[in-house]
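Novice: Mind looking over this structure? Questions follow.
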Amino acid sequence: MTKRIAVLLLLNLLVVIVAAQSKEFWQAKDYKQWTEKECKKLLENSPWASDYTLKRSRIDSLQGGNIETRAAQNWTVGYRVHFRSAAPIRQAMARQQMLAEKYDQLPPEKKQSFDERIGKFLATSFADTVLVHVTYNSNLPDLDREMARYWQTQTTENLKNTTFLIGSAGQRIPLLRFVVATGAGREFQLAFPRQLNGESIVGEKDKTIKVEFLHPKLAGEPETRVLLNFSLDKMLANNALVF
């Protein structure tokens with residue numbers, strides 16, 4: 001009997017260990033223990049974050065003396081999208097700030113100030129809205145500037161017919177608010193309602209949620225639909241859906 005109990009205890013321990021190892025780091029560890037690499041993964045390639053990349057070749061004319069030559073130039077345009085209203089995303093941002101400011105080495109009074117500032121950031125409520133954060137860039141400086149000129153002159157009214165969250169059944173959740181960084185900033189935020197016609201935009205049986213907007217007509221290329229798909233069954237923290 002004693003031997004049997006020992007075997008059962010060992011098996012239970014193995015189950016616990018395997019279960020712990022199968023959890024993602026944001027489920028298994030407090031955010032204050034996350035590494036810089038883990039934070040980067042959460043913000044760039046996780047259930048709440050994804051990239052969209054366009055690649056093209058452009059032919060440029062080059063004048064040299066009396067000879068005109070044509071050269072192909074490869075260009076890329078990138079969009080990085082994440083759900084900033086999701087707690088794990090904001091925790092990753094907070095942890096990055098902790099690491100950047102060497103939090104563990106701060107004197108007590110500066111730790112207190114940091115905790116108050118970050119505490120307010122993490123406590124921000126998104127009970128009524130979903131906040132999607134987008135950064136953009138291009139490998140060509142002139143195209144990068146063109147993108148900035150485009151996005152920095154857009155408004156909520158301009159974008160409301162082309163920018164949506166899309167539910168599993170294809171329902172389009174309208175844009176509430178568009179906010180863009182100016183100057184050297186290459187980012188903007190999209191706010192959407194969490195409820196539509198009095199009901200949650202995500203139902204119990206829904207599997208996915210999508211972010212949709214248009215990349216503008218630039219560099220002689222037509223508009224391109226940017227569509228990013230996120231799996232709701234993976235967007236879990238503390239066994240609850242968060243986005």
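Just so we're on the same page: first chain in the structure tokens is A, next is B, and so on; residues restart at 1 for each chain, and ligands are numbered from 1 in the order they show up.
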Write out as a count of residues only each polymer residue whose atoms come within 8 Å of Arg80 (chain A), counting only C-alpha atoms; drop sequence neighbours fewer than 2 positions from it.

Specialist: 10

Novice: Applying 7 Å and only C-alpha atoms, which residues near Glu212 (chain A) remain after dropping the ones on its own chain fewer than 2 positions away? List them as a PyMOL selection string.

Specialist: chain A and resi 163-165+210+226-228

Novice: Please determine, counting only C-alpha atoms, which residue among A:Phe243, A:Lys55, A:Gly170, A:Ser200 has the shortest atom-to-atom distance to Phe126 (chain A).

Specialist: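 Of all the options, A:Phe243 lies closest to Phe126 (chain A).
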
Novice: Might you pull out every residue within 12 Å of Glu204 (chain A), with only C-alpha atoms counted and same-chain residues fewer than 5 positions away left off, and present them as a ChimeraX atom specification?

Specialist: /A:167-168,199,232-233,240-241

Novice: Based on the selection just made, write N, CA and C atoms of those residues as a PDB file, in the first residue's frame.

Specialist:
ATOM      1  N   GLY A 167     -15.696  40.195 -36.263  1.00  0.00           N
ATOM      2  CA  GLY A 167     -15.984  39.030 -35.445  1.00  0.00           C
ATOM      3  C   GLY A 167     -15.998  37.750 -36.245  1.00  0.00           C
ATOM      4  N   SER A 168     -16.168  36.621 -35.553  1.00  0.00           N
ATOM      5  CA  SER A 168     -16.143  35.310 -36.209  1.00  0.00           C
ATOM      6  C   SER A 168     -17.229  35.166 -37.265  1.00  0.00           C
ATOM      7  N   GLU A 199     -24.909  44.141 -27.103  1.00  0.00           N
ATOM      8  CA  GLU A 199     -24.333  42.811 -26.901  1.00  0.00           C
ATOM      9  C   GLU A 199     -22.825  42.854 -27.078  1.00  0.00           C
ATOM     10  N   LEU A 232      -9.085  33.720 -30.500  1.00  0.00           N
ATOM     11  CA  LEU A 232      -9.604  34.071 -29.174  1.00  0.00           C
ATOM     12  C   LEU A 232      -9.263  33.019 -28.125  1.00  0.00           C
ATOM     13  N   ASP A 233      -9.172  31.748 -28.538  1.00  0.00           N
ATOM     14  CA  ASP A 233      -8.914  30.697 -27.548  1.00  0.00           C
ATOM     15  C   ASP A 233      -7.481  30.741 -27.012  1.00  0.00           C
ATOM     16  N   ALA A 240      -8.889  33.524 -18.408  1.00  0.00           N
ATOM     17  CA  ALA A 240      -9.963  34.375 -18.896  1.00  0.00           C
ATOM     18  C   ALA A 240      -9.553  35.043 -20.201  1.00  0.00           C
ATOM     19  N   LEU A 241     -10.538  35.252 -21.074  1.00  0.00           N
ATOM     20  CA  LEU A 241     -10.284  35.934 -22.337  1.00  0.00           C
ATOM     21  C   LEU A 241     -10.005  37.402 -22.077  1.00  0.00           C
TER      22      LEU A 241
END

Novice: Report as a list of chain:residue names all protein, DNA and RNA residues lying within 9 Å of Glu157 (chain A), evaluated on only C-alpha atoms, omitting residues in the same chain fewer than 4 positions from it.

Specialist: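 Everything that qualifies: A:Asn161, A:Arg177, A:Phe178.
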